[in-house]
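Here the structure is laid out as structure tokens; the discussion comes afterwards.
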Protein chains: 2
Amino acid sequence: MSIRPIRWLAALALVAAPMAVFAQSAAPARVASPDGRLVVEVSTDGEGRPSWRAERDGKPLVAPSRLGMLFVDAPKFERRLAIAGQRAGSADATWELPWGERRVVRDRHNELRVTLAETQAPRRRFDVVFRVFDDGLGFRYDIPAQPGLARLEIADELTEFVVAPEATAWWLPALEWNREEYLYQRTPLAEVGRAQTPITLRAADGTHLAVHEAALVDYPAMNLVRVDGHRLRADLTPGTGAARASVAAPFATPWRVLLVADSAAQLASSDLVLNLNEPNALGDVSWVRPMKYVGIWWEMHLGTHTWASGAQHGATTERALRIVDFAADHGIDGVLIEGWNEGWDGDWFGNGEDFDFTRPYPDFDLERVAGHARARGVRLIGHHETSGHAAHYESQLGDAFDLYRRLGVDAVKTGYVADGGQAKVRDEDGRLRYAWHESQAMVNHHDRVVREAAKRRIAVNPHEPVKDTGLRRTWPNLVTREGARGMEYNAWGLPGNPPEHEATLVFTRMLAGPMDFTPGIFSMRTRSGEPMATTLAKQLALYVVLYSPLQMAADLPEHYEANLPAFRFIQDVPVDWEDSRAIAGEVGEFVVFARRDRRSDDWYLGAVTDAQARTLRAPLDFLEPGRRYTAQVYRDGPGAGWQADQTDLVIESREVAAGDTLELRLAPGGGQAIRFVAGPAGNL
Amino acid sequence: MSIRPIRWLAALALVAAPMAVFAQSAAPARVASPDGRLVVEVSTDGEGRPSWRAERDGKPLVAPSRLGMLFVDAPKFERRLAIAGQRAGSADATWELPWGERRVVRDRHNELRVTLAETQAPRRRFDVVFRVFDDGLGFRYDIPAQPGLARLEIADELTEFVVAPEATAWWLPALEWNREEYLYQRTPLAEVGRAQTPITLRAADGTHLAVHEAALVDYPAMNLVRVDGHRLRADLTPGTGAARASVAAPFATPWRVLLVADSAAQLASSDLVLNLNEPNALGDVSWVRPMKYVGIWWEMHLGTHTWASGAQHGATTERALRIVDFAADHGIDGVLIEGWNEGWDGDWFGNGEDFDFTRPYPDFDLERVAGHARARGVRLIGHHETSGHAAHYESQLGDAFDLYRRLGVDAVKTGYVADGGQAKVRDEDGRLRYAWHESQAMVNHHDRVVREAAKRRIAVNPHEPVKDTGLRRTWPNLVTREGARGMEYNAWGLPGNPPEHEATLVFTRMLAGPMDFTPGIFSMRTRSGEPMATTLAKQLALYVVLYSPLQMAADLPEHYEANLPAFRFIQDVPVDWEDSRAIAGEVGEFVVFARRDRRSDDWYLGAVTDAQARTLRAPLDFLEPGRRYTAQVYRDGPGAGWQADQTDLVIESREVAAGDTLELRLAPGGGQAIRFVAGPAGNL
């Protein structure tokens, strides 16, 4: 027996038709996007249950979806609610990214703030704030300070996204929660299980959607569990206490985000997640410098060298000096050296308490290497592998960053290699607790790391991170991160990344933000000698296709020295852009990006495909009209293919202008990279 | 980056072929069912990850499925494991149910105990115990006492059921966790979301499966989340602390159960769940008496009377005396009176702190009603509605049961009406906490209630309960429960139970155990006057189809008095059986049950169908050979149908014997009930 239907009848008594079971207890609140195509409505039903829904071009996009929260120490906030007030607003502003895919970002949206108030004790009031853009929407719970609500011990959210149309979904299972390194699954929406965000959807009519979140601060990450039908329900990452989120009022949750686009390319061009984050909190961040880097890294994944000390130790002084020289000789800005510090000799995976973040191995002279790097104008990128032991890392955090600060290291790669649920934090009582990588405790750990780094003008690049939710806008020293299967899977090859992997990443993982994918493998062989699913041209194209302000040239120096003509593109390609445009693409099939250098008038184009060979037409309308460009083309040769001749690369030059259209021939598993060198303006 | 693939390679180094990534680190342990058709294998992979799999008739039934646990204060138990030992055993025994669907139950199985030991610190050892029957299997984690493992703070299980074949699934969403009153969903297995158990599956080859659990004691209930593909992952109900389950070692978890059958009917005849429970802990339970009952109940759901006090109060002394007289006059054993006690006048839904379990309303003379019942030989069934406020209920539990004991009330219906996550318990520190109905805290609450009741020789019948896992074997005073949409939904109508509801329940909810469905509605109208999806014959058939040792005649006395010929079947039908056989059925379509009275040689048959009219052939081979029976048939008449004449009931008698076959004509939404009165033995 449940009394609920009787309450429905109580509601019924107030209204006429039986259908009025779902009658609104108040006029629904509505807000539309600036272009009017996307309309959001918030209402409450006869029981006072709030829900939101969305239409686009008059067609249902999101069916009525619940709003609400459950608490461990208080009644849930989800029923017996009335819309006690609403406030509308709108914004149209531009702001600048100190570094990024583009310099100028436009934030144009309409806002609706709905106050939901309990009609009975405890008479709490929550606001739900919607911001509706032309390319999607975000909403958050904004909980004002009020009597008897000092803290919120949130058991879970009841937030839902009930996607109206049939759709195909690309998603990562929350299999071991928020271990992000799985291959993307492509299934009908109705077969999605428990998914991480972003999750990308393509509706039958070609509308592309993505569900994600923005500004994840002091709160657990949101996963989505498809409870039934098309109902995606928020499933907050568990915490170290009964509450998944424990916060003090007033409090605003992260933004729950729905991206909406007419095409995959449009979806990949959205700034909505950044627009929902707070502005730069650091002021002058000229010390955050995008760069390309090489490193002592790939050889460990190939298995020829080790992080641990001993005969195969990768991070020796001698090898470090050599890689620094290679960088200096070839104009590569930075060098990453992994395995430089004590702690790698035991069974460190998922442990991490042996790591010493200030003590180098005896065969690695940190001072000397740092000095040599400074002398040669090369920037060292520090490395802090924690194995997920956040508590241990925090005990050395100040000293570790002070050391790097003193040595002039202004970027640090952090790592949290551990299975899901095995990161280590301390609870309020100082007890060691096993945590999910995306629990509130770990979210707050990463926040502390970014702040400590910022104090010392150091940028951070977390691996096995919390997913990106656009915090780089607020903390521009949070430059990039991992958070998906990177290149190292191709070294291990069991199995490696499939040929469609990068064309999937662009429309899924990359919707969240930059990724330190570490492209540029010229050798293209796994540790056991099998070919990777790529051509050489594709390795070059990835520098344009996969955006990151820290972009590695991940292969060994000797492999680049063996093919300097191809390496030239890596030397030329920028890592900071004036503008970026996805000009064509389909999820998991292919993508073409054009980006303009922030420091010159040059443009760059990158195109990659899946296992299919493709010929794509690329109109050059992004080029400045009335100006000549020299197109330096790096393309798959006639014999190229990931299962054919991977190394068949044609490098050629031609003159082009804005009117032209290029035919891009991509081999199976291949790609194409082009630099458009701007000639003098207006010389046509 | 994840180091895992490198560990794979480490494993690889030890073996020959690349495929040996999944090589076993030890010979797999195997166990087969007594008939040899069902084979289970437990093994560990190259990383020391344990998994189990199952085959039936040589075909994959369960693909490799993980085993393991996550803890909040210790590394997970899931990798770096080796099979340190195995022990085999078998059993073939019979035991008796003091009351039930049958008197004698056979427990025939083979057992395999596998010891999984960590190959590195902390070197914990868990046993996994499999019991394999001809009709399915159960397995549990059995964790011995060992150094440094005093308590287990279990964050979640990693237990998986990866169902190998394509299948159709019937399931209840864990939507608001373990609120069980939803309509069953029928979807492909690949579209299951987060499901409660039991979940029923029909594979393409006709094999029927159900995943459930047995002996849920001091542990949270297991839900299943389909993370991806066919992978059903245990998802324990959250608790009131960081751990979903907090237990002391040594500890054995509930049994994880997979029922397997060649047909739906066979699935509905399994005793496996009972066999996996502990024997009767109460000894002589002659005081637990199955019975039929009437009550002051249906009128509250029709809305003509109220639980609350006032002009419409249902539980007045006068109305109580009248219903007692009705029961006595018609040979009905018991009477349930709801709304007799203080606490219903406020907004009690989900609150419950106002309920007083010893103070009757002023217009209800409990002593007088109880005295009159005793005088007329009628047994009162007590009622304790808690609105899920377990903490408040426990504060009065002793007094409440003492009162009933003194009055001779030997059965109590309890209720926990509250939304999911809104039951109330106290944590270790005595703080009030909101809990899921099937959390460990609530499981332990129900355990306390059953024990307190048993001390006073009182049987309990929980509504909005923890799902049944067969504990009635251990606690025979835990007689029945709700735990699905019952008859009251037909009173509310919005919408009522569809015509296939009961034919679905038999193969889903009823696999767990008896249900207090409260059948027998002769009026067949919702409170707003619409017809319920049933015929009168079906209402009678439900007494045979839906087993419960407490079986209500749920309609108002006047409706029975208006049709005494039909009511006769309800008077005749037993509630305790010598044997029960599902002789035909398909999930959600139809079912035919034959049951033999435990106190006579009479047999009873019940058949119900969905919206389809059906003619079913029922061979009477269950009857005793060489004996005549008078079949008293209650069948749908020619004009009968849930959307036609619901009341068209034909009552007729005929002589039959074991050789005969009956044709059962069921109207749309209809049914048929038959009593086979045994003539003198061997008179053919």
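Note on naming: chains are A, B, ... as they come in the structure tokens, residues start from 1 per chain, ligands start from 1 in the order shown.
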Quick one: which residues from chain A are at most 6 Å off chain B, using only C-alpha atoms, as a list in words?
Ser2, Val72, Asp73, Ala190, Glu191, Gly193, Arg194, Arg226, Val227, Asp228, Thr240, Gly241, Ala242, Val417, Arg433 and Tyr434 of chain A
Residues at most 9 Å from A:Ala594, counting only C-alpha atoms, excluding those fewer than 6 positions away in the same chain, as number ranges by chain?
A: 544-545, 579-583, 603-607, 622
Could you turn the residues from that selection into a file that holds C-alpha atoms, as a tab-separated table (two decimals), in the first residue's frame?
chain	number	residue	atom	x	y	z
A	544	VAL	CA	44.94	20.29	-34.25
A	545	VAL	CA	42.07	17.91	-33.55
A	579	ASP	CA	39.86	30.87	-32.79
A	580	SER	CA	38.78	27.28	-33.35
A	581	ARG	CA	36.11	25.83	-35.58
A	582	ALA	CA	34.93	22.27	-35.98
A	583	ILE	CA	34.03	22.47	-39.66
A	603	TRP	CA	45.60	28.88	-39.70
A	604	TYR	CA	45.90	25.16	-39.08
A	605	LEU	CA	43.65	22.32	-40.13
A	606	GLY	CA	43.47	18.82	-38.73
A	607	ALA	CA	41.33	15.97	-39.96
A	622	PHE	CA	37.70	30.50	-42.50
What lies within 10 Å of B:Leu556 using only C-alpha atoms, ignoring chain neighbours under 2 positions off, as a ChimeraX atom specification?
/B:294-299,323,520-523,553-554,558-561
Using backbone DSSP assignments, extract all strand (DSSP E) residues from stretch 269-451 of chain B; output them as a VMD selection string.
chain B and resid 291 to 296 334 to 337 379 to 385 411 to 415 423 to 426 432 to 435
Output C-alpha atoms of each residue in that selection to a file, as an mmCIF file, in the first residue's frame.
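The new file again16.cif reads:
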data_model
loop_
_atom_site.group_PDB
_atom_site.id
_atom_site.type_symbol
_atom_site.label_atom_id
_atom_site.label_comp_id
_atom_site.auth_asym_id
_atom_site.auth_seq_id
_atom_site.Cartn_x
_atom_site.Cartn_y
_atom_site.Cartn_z
ATOM 1 C CA MET B 291 -6.142 -18.010 8.174
ATOM 2 C CA LYS B 292 -8.514 -16.080 6.022
ATOM 3 C CA TYR B 293 -9.665 -12.721 7.269
ATOM 4 C CA VAL B 294 -12.007 -9.839 6.575
ATOM 5 C CA GLY B 295 -11.560 -6.324 7.782
ATOM 6 C CA ILE B 296 -12.215 -2.642 8.025
ATOM 7 C CA GLY B 334 -9.921 -13.400 11.378
ATOM 8 C CA VAL B 335 -10.666 -9.693 11.337
ATOM 9 C CA LEU B 336 -8.288 -6.835 10.589
ATOM 10 C CA ILE B 337 -9.200 -3.374 11.846
ATOM 11 C CA ARG B 379 -9.248 -13.840 15.831
ATOM 12 C CA LEU B 380 -8.384 -10.175 15.673
ATOM 13 C CA ILE B 381 -5.446 -9.208 13.486
ATOM 14 C CA GLY B 382 -3.614 -6.293 15.008
ATOM 15 C CA HIS B 383 -2.437 -3.315 13.028
ATOM 16 C CA HIS B 384 0.680 -1.168 13.463
ATOM 17 C CA GLU B 385 1.147 1.526 10.826
ATOM 18 C CA ALA B 411 -1.126 -11.847 14.216
ATOM 19 C CA VAL B 412 -0.198 -8.235 13.459
ATOM 20 C CA LYS B 413 -0.082 -6.385 10.170
ATOM 21 C CA THR B 414 2.656 -3.759 10.196
ATOM 22 C CA GLY B 415 3.005 -0.902 7.720
ATOM 23 C CA ALA B 423 12.124 5.545 6.718
ATOM 24 C CA LYS B 424 13.481 6.735 10.056
ATOM 25 C CA VAL B 425 16.011 4.977 12.246
ATOM 26 C CA ARG B 426 18.542 6.002 14.864
ATOM 27 C CA LEU B 432 17.612 10.263 13.729
ATOM 28 C CA ARG B 433 18.558 9.184 10.216
ATOM 29 C CA TYR B 434 16.543 8.811 7.034
ATOM 30 C CA ALA B 435 16.973 5.327 5.667
#
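Note that atom CA of B:Ala268 and atom CA of B:Thr504 are 11.0 Å apart.
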List as a PyMOL selection string the protein and nucleic acid residues near B:Glu624, meaning an atom at most 10 Å away when only C-alpha atoms are counted, but skip any in the same chain fewer than 5 places from it.
chain B and resi 601-603+629+657-659+678+681-682
May I have the residues from that selection written out with all heavy atoms, as a PDB file, in the first residue's frame?
ATOM      1  N   ASP B 601      -8.105 -34.431   1.588  1.00  0.00           N
ATOM      2  CA  ASP B 601      -7.613 -34.945   0.305  1.00  0.00           C
ATOM      3  C   ASP B 601      -8.071 -34.085  -0.864  1.00  0.00           C
ATOM      4  O   ASP B 601      -7.817 -34.420  -2.021  1.00  0.00           O
ATOM      5  CB  ASP B 601      -8.093 -36.388   0.093  1.00  0.00           C
ATOM      6  CG  ASP B 601      -7.464 -37.343   1.104  1.00  0.00           C
ATOM      7  OD1 ASP B 601      -6.438 -36.940   1.701  1.00  0.00           O
ATOM      8  OD2 ASP B 601      -7.997 -38.435   1.298  1.00  0.00           O
ATOM      9  N   ASP B 602      -8.739 -32.979  -0.561  1.00  0.00           N
ATOM     10  CA  ASP B 602      -9.257 -32.128  -1.638  1.00  0.00           C
ATOM     11  C   ASP B 602      -8.122 -31.388  -2.350  1.00  0.00           C
ATOM     12  O   ASP B 602      -7.121 -31.026  -1.741  1.00  0.00           O
ATOM     13  CB  ASP B 602     -10.246 -31.097  -1.076  1.00  0.00           C
ATOM     14  CG  ASP B 602     -11.508 -31.757  -0.529  1.00  0.00           C
ATOM     15  OD1 ASP B 602     -11.646 -32.979  -0.683  1.00  0.00           O
ATOM     16  OD2 ASP B 602     -12.316 -31.036   0.079  1.00  0.00           O
ATOM     17  N   TRP B 603      -8.333 -31.194  -3.633  1.00  0.00           N
ATOM     18  CA  TRP B 603      -7.426 -30.381  -4.443  1.00  0.00           C
ATOM     19  C   TRP B 603      -8.159 -29.116  -4.889  1.00  0.00           C
ATOM     20  O   TRP B 603      -9.388 -29.082  -4.938  1.00  0.00           O
ATOM     21  CB  TRP B 603      -6.954 -31.143  -5.676  1.00  0.00           C
ATOM     22  CG  TRP B 603      -5.854 -32.122  -5.409  1.00  0.00           C
ATOM     23  CD1 TRP B 603      -5.991 -33.396  -4.944  1.00  0.00           C
ATOM     24  CD2 TRP B 603      -4.456 -31.886  -5.603  1.00  0.00           C
ATOM     25  NE1 TRP B 603      -4.745 -33.981  -4.821  1.00  0.00           N
ATOM     26  CE2 TRP B 603      -3.791 -33.078  -5.232  1.00  0.00           C
ATOM     27  CE3 TRP B 603      -3.696 -30.799  -6.055  1.00  0.00           C
ATOM     28  CZ2 TRP B 603      -2.398 -33.207  -5.297  1.00  0.00           C
ATOM     29  CZ3 TRP B 603      -2.322 -30.930  -6.125  1.00  0.00           C
ATOM     30  CH2 TRP B 603      -1.685 -32.127  -5.738  1.00  0.00           C
ATOM     31  N   TYR B 629     -13.617 -37.501  -7.834  1.00  0.00           N
ATOM     32  CA  TYR B 629     -13.689 -36.174  -7.207  1.00  0.00           C
ATOM     33  C   TYR B 629     -14.889 -35.433  -7.788  1.00  0.00           C
ATOM     34  O   TYR B 629     -15.217 -35.583  -8.963  1.00  0.00           O
ATOM     35  CB  TYR B 629     -12.432 -35.356  -7.506  1.00  0.00           C
ATOM     36  CG  TYR B 629     -11.158 -35.899  -6.891  1.00  0.00           C
ATOM     37  CD1 TYR B 629     -10.482 -36.961  -7.480  1.00  0.00           C
ATOM     38  CD2 TYR B 629     -10.628 -35.338  -5.727  1.00  0.00           C
ATOM     39  CE1 TYR B 629      -9.308 -37.458  -6.934  1.00  0.00           C
ATOM     40  CE2 TYR B 629      -9.443 -35.820  -5.173  1.00  0.00           C
ATOM     41  CZ  TYR B 629      -8.795 -36.875  -5.785  1.00  0.00           C
ATOM     42  OH  TYR B 629      -7.628 -37.359  -5.237  1.00  0.00           O
ATOM     43  N   ALA B 657     -11.948 -37.585 -12.576  1.00  0.00           N
ATOM     44  CA  ALA B 657     -10.939 -38.499 -12.017  1.00  0.00           C
ATOM     45  C   ALA B 657      -9.593 -38.184 -12.651  1.00  0.00           C
ATOM     46  O   ALA B 657      -9.490 -37.398 -13.601  1.00  0.00           O
ATOM     47  CB  ALA B 657     -11.337 -39.942 -12.273  1.00  0.00           C
ATOM     48  N   ALA B 658      -8.571 -38.827 -12.135  1.00  0.00           N
ATOM     49  CA  ALA B 658      -7.190 -38.493 -12.506  1.00  0.00           C
ATOM     50  C   ALA B 658      -6.941 -38.583 -14.008  1.00  0.00           C
ATOM     51  O   ALA B 658      -6.102 -37.871 -14.539  1.00  0.00           O
ATOM     52  CB  ALA B 658      -6.225 -39.390 -11.751  1.00  0.00           C
ATOM     53  N   GLY B 659      -7.658 -39.446 -14.699  1.00  0.00           N
ATOM     54  CA  GLY B 659      -7.421 -39.599 -16.131  1.00  0.00           C
ATOM     55  C   GLY B 659      -7.909 -38.416 -16.956  1.00  0.00           C
ATOM     56  O   GLY B 659      -7.449 -38.178 -18.070  1.00  0.00           O
ATOM     57  N   ALA B 678     -12.736 -34.683  -2.721  1.00  0.00           N
ATOM     58  CA  ALA B 678     -12.356 -36.094  -2.852  1.00  0.00           C
ATOM     59  C   ALA B 678     -13.481 -36.996  -2.365  1.00  0.00           C
ATOM     60  O   ALA B 678     -13.992 -36.821  -1.261  1.00  0.00           O
ATOM     61  CB  ALA B 678     -11.088 -36.364  -2.061  1.00  0.00           C
ATOM     62  N   ALA B 681     -11.836 -43.091  -1.008  1.00  0.00           N
ATOM     63  CA  ALA B 681     -10.660 -43.581  -1.744  1.00  0.00           C
ATOM     64  C   ALA B 681     -10.994 -44.866  -2.490  1.00  0.00           C
ATOM     65  O   ALA B 681     -11.854 -45.643  -2.065  1.00  0.00           O
ATOM     66  CB  ALA B 681      -9.503 -43.810  -0.773  1.00  0.00           C
ATOM     67  N   GLY B 682     -10.289 -45.046  -3.617  1.00  0.00           N
ATOM     68  CA  GLY B 682     -10.353 -46.291  -4.389  1.00  0.00           C
ATOM     69  C   GLY B 682     -11.751 -46.773  -4.704  1.00  0.00           C
ATOM     70  O   GLY B 682     -12.062 -47.962  -4.565  1.00  0.00           O
TER      71      GLY B 682
END
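Residues lying within 6 Å of A:Ala261, counting only C-alpha atoms and ignoring same-chain neighbours fewer than 6 positions away, are Asp135, Thr207, His208 and Leu267 of chain A.
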Take the selection from the previous step and output its residues with all heavy atoms, as a PDB file, in the first residue's frame.
ATOM      1  N   ASP A 135      22.736  27.197 -27.521  1.00  0.00           N
ATOM      2  CA  ASP A 135      23.328  25.858 -27.713  1.00  0.00           C
ATOM      3  C   ASP A 135      23.200  24.984 -26.475  1.00  0.00           C
ATOM      4  O   ASP A 135      24.009  24.079 -26.272  1.00  0.00           O
ATOM      5  CB  ASP A 135      24.792  25.977 -28.148  1.00  0.00           C
ATOM      6  CG  ASP A 135      25.656  26.683 -27.113  1.00  0.00           C
ATOM      7  OD1 ASP A 135      25.091  27.247 -26.142  1.00  0.00           O
ATOM      8  OD2 ASP A 135      26.888  26.657 -27.256  1.00  0.00           O
ATOM      9  N   THR A 207      19.535  15.999 -34.229  1.00  0.00           N
ATOM     10  CA  THR A 207      19.896  16.841 -33.088  1.00  0.00           C
ATOM     11  C   THR A 207      20.920  16.107 -32.229  1.00  0.00           C
ATOM     12  O   THR A 207      20.767  14.920 -31.955  1.00  0.00           O
ATOM     13  CB  THR A 207      18.642  17.156 -32.234  1.00  0.00           C
ATOM     14  OG1 THR A 207      17.661  17.758 -33.064  1.00  0.00           O
ATOM     15  CG2 THR A 207      18.993  18.079 -31.076  1.00  0.00           C
ATOM     16  N   HIS A 208      21.969  16.816 -31.855  1.00  0.00           N
ATOM     17  CA  HIS A 208      22.996  16.233 -30.982  1.00  0.00           C
ATOM     18  C   HIS A 208      22.884  16.839 -29.595  1.00  0.00           C
ATOM     19  O   HIS A 208      22.695  18.046 -29.454  1.00  0.00           O
ATOM     20  CB  HIS A 208      24.390  16.488 -31.561  1.00  0.00           C
ATOM     21  CG  HIS A 208      24.720  15.611 -32.742  1.00  0.00           C
ATOM     22  ND1 HIS A 208      24.037  15.677 -33.934  1.00  0.00           N
ATOM     23  CD2 HIS A 208      25.665  14.643 -32.887  1.00  0.00           C
ATOM     24  CE1 HIS A 208      24.541  14.778 -34.779  1.00  0.00           C
ATOM     25  NE2 HIS A 208      25.529  14.140 -34.171  1.00  0.00           N
ATOM     26  N   LEU A 267      28.127  20.797 -31.894  1.00  0.00           N
ATOM     27  CA  LEU A 267      28.237  20.361 -30.495  1.00  0.00           C
ATOM     28  C   LEU A 267      29.656  20.562 -29.990  1.00  0.00           C
ATOM     29  O   LEU A 267      29.871  21.015 -28.861  1.00  0.00           O
ATOM     30  CB  LEU A 267      27.843  18.880 -30.388  1.00  0.00           C
ATOM     31  CG  LEU A 267      27.692  18.300 -28.978  1.00  0.00           C
ATOM     32  CD1 LEU A 267      26.415  18.818 -28.314  1.00  0.00           C
ATOM     33  CD2 LEU A 267      27.671  16.775 -29.025  1.00  0.00           C
TER      34      LEU A 267
END
Stretch 465-638 of chain B: residues DSSP assigns to helix (DSSP H, G or I), reported as a ChimeraX atom specification
/B:471-473,488-492,501-505,509-511,536-545,557-561,564-572
Got a sec: who's within 9 Å of B:Arg151, counting only C-alpha atoms, leaving out chain neighbours fewer than 4 positions off, as a ChimeraX atom specification?
/B:246-250
I'd like the contact shell of B:Arg123 - 10 Å cut-off, only C-alpha atoms, skipping same-chain residues fewer than 6 positions apart - returned as a ChimeraX atom specification.
/B:77,80-81,116-117,146-147
Write a file of the just-selected residues containing all heavy atoms, as a tab-separated table (two decimals), in the first residue's frame.
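Once everything was written out, this is part_36.tsv:
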chain	number	residue	atom	x	y	z
B	77	PHE	N	38.75	-6.06	-1.78
B	77	PHE	CA	39.08	-7.48	-1.91
B	77	PHE	C	38.61	-7.91	-3.29
B	77	PHE	O	37.43	-8.24	-3.49
B	77	PHE	CB	38.36	-8.28	-0.82
B	77	PHE	CG	38.79	-9.73	-0.74
B	77	PHE	CD1	39.90	-10.09	-0.02
B	77	PHE	CD2	38.09	-10.71	-1.41
B	77	PHE	CE1	40.31	-11.41	0.05
B	77	PHE	CE2	38.48	-12.03	-1.36
B	77	PHE	CZ	39.60	-12.39	-0.63
B	80	ARG	N	44.72	-9.49	-7.09
B	80	ARG	CA	45.88	-10.11	-6.41
B	80	ARG	C	45.41	-11.25	-5.51
B	80	ARG	O	45.87	-11.39	-4.37
B	80	ARG	CB	46.66	-9.08	-5.58
B	80	ARG	CG	47.14	-7.88	-6.38
B	80	ARG	CD	47.60	-6.78	-5.45
B	80	ARG	NE	48.14	-5.63	-6.20
B	80	ARG	CZ	48.47	-4.48	-5.64
B	80	ARG	NH1	48.34	-4.30	-4.35
B	80	ARG	NH2	48.94	-3.49	-6.37
B	81	LEU	N	44.47	-12.02	-6.05
B	81	LEU	CA	43.92	-13.14	-5.29
B	81	LEU	C	44.30	-14.45	-5.95
B	81	LEU	O	44.48	-14.51	-7.17
B	81	LEU	CB	42.39	-13.05	-5.23
B	81	LEU	CG	41.80	-11.83	-4.54
B	81	LEU	CD1	40.28	-11.82	-4.72
B	81	LEU	CD2	42.16	-11.82	-3.06
B	116	LEU	N	39.54	-17.80	-1.38
B	116	LEU	CA	40.30	-16.80	-2.14
B	116	LEU	C	41.22	-16.08	-1.17
B	116	LEU	O	40.75	-15.52	-0.16
B	116	LEU	CB	39.36	-15.81	-2.81
B	116	LEU	CG	38.45	-16.40	-3.89
B	116	LEU	CD1	37.37	-15.38	-4.28
B	116	LEU	CD2	39.27	-16.81	-5.11
B	117	ALA	N	42.51	-16.11	-1.45
B	117	ALA	CA	43.48	-15.49	-0.53
B	117	ALA	C	44.31	-14.46	-1.28
B	117	ALA	O	44.73	-14.69	-2.42
B	117	ALA	CB	44.40	-16.56	0.06
B	146	GLN	N	39.83	-13.39	11.21
B	146	GLN	CA	41.26	-13.41	10.89
B	146	GLN	C	41.88	-12.14	11.44
B	146	GLN	O	41.17	-11.16	11.72
B	146	GLN	CB	41.47	-13.52	9.38
B	146	GLN	CG	40.70	-12.49	8.56
B	146	GLN	CD	40.57	-12.92	7.09
B	146	GLN	OE1	41.54	-13.00	6.37
B	146	GLN	NE2	39.34	-13.24	6.69
B	147	PRO	N	43.21	-12.16	11.64
B	147	PRO	CA	43.89	-11.00	12.24
B	147	PRO	C	43.59	-9.72	11.46
B	147	PRO	O	43.54	-9.74	10.22
B	147	PRO	CB	45.37	-11.37	12.14
B	147	PRO	CG	45.39	-12.85	12.03
B	147	PRO	CD	44.14	-13.25	11.32
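Closest to A:Asp356 among A:Pro290, A:Pro122, A:Gly588, A:Gly343 is A:Gly343, based on only C-alpha atoms.
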Of the residues A:Glu157, A:Asn280, A:His313, A:Pro499, which is the one nearest to A:Tyr219, using only C-alpha atoms?
A:Glu157
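Taking atom CA of B:Gln672 and atom CA of B:Asp621 as the two end points, the separation is 18.2 Å.
Counting from atom CA of A:Glu47, the distance to atom CA of A:Thr159 is 17.2 Å.
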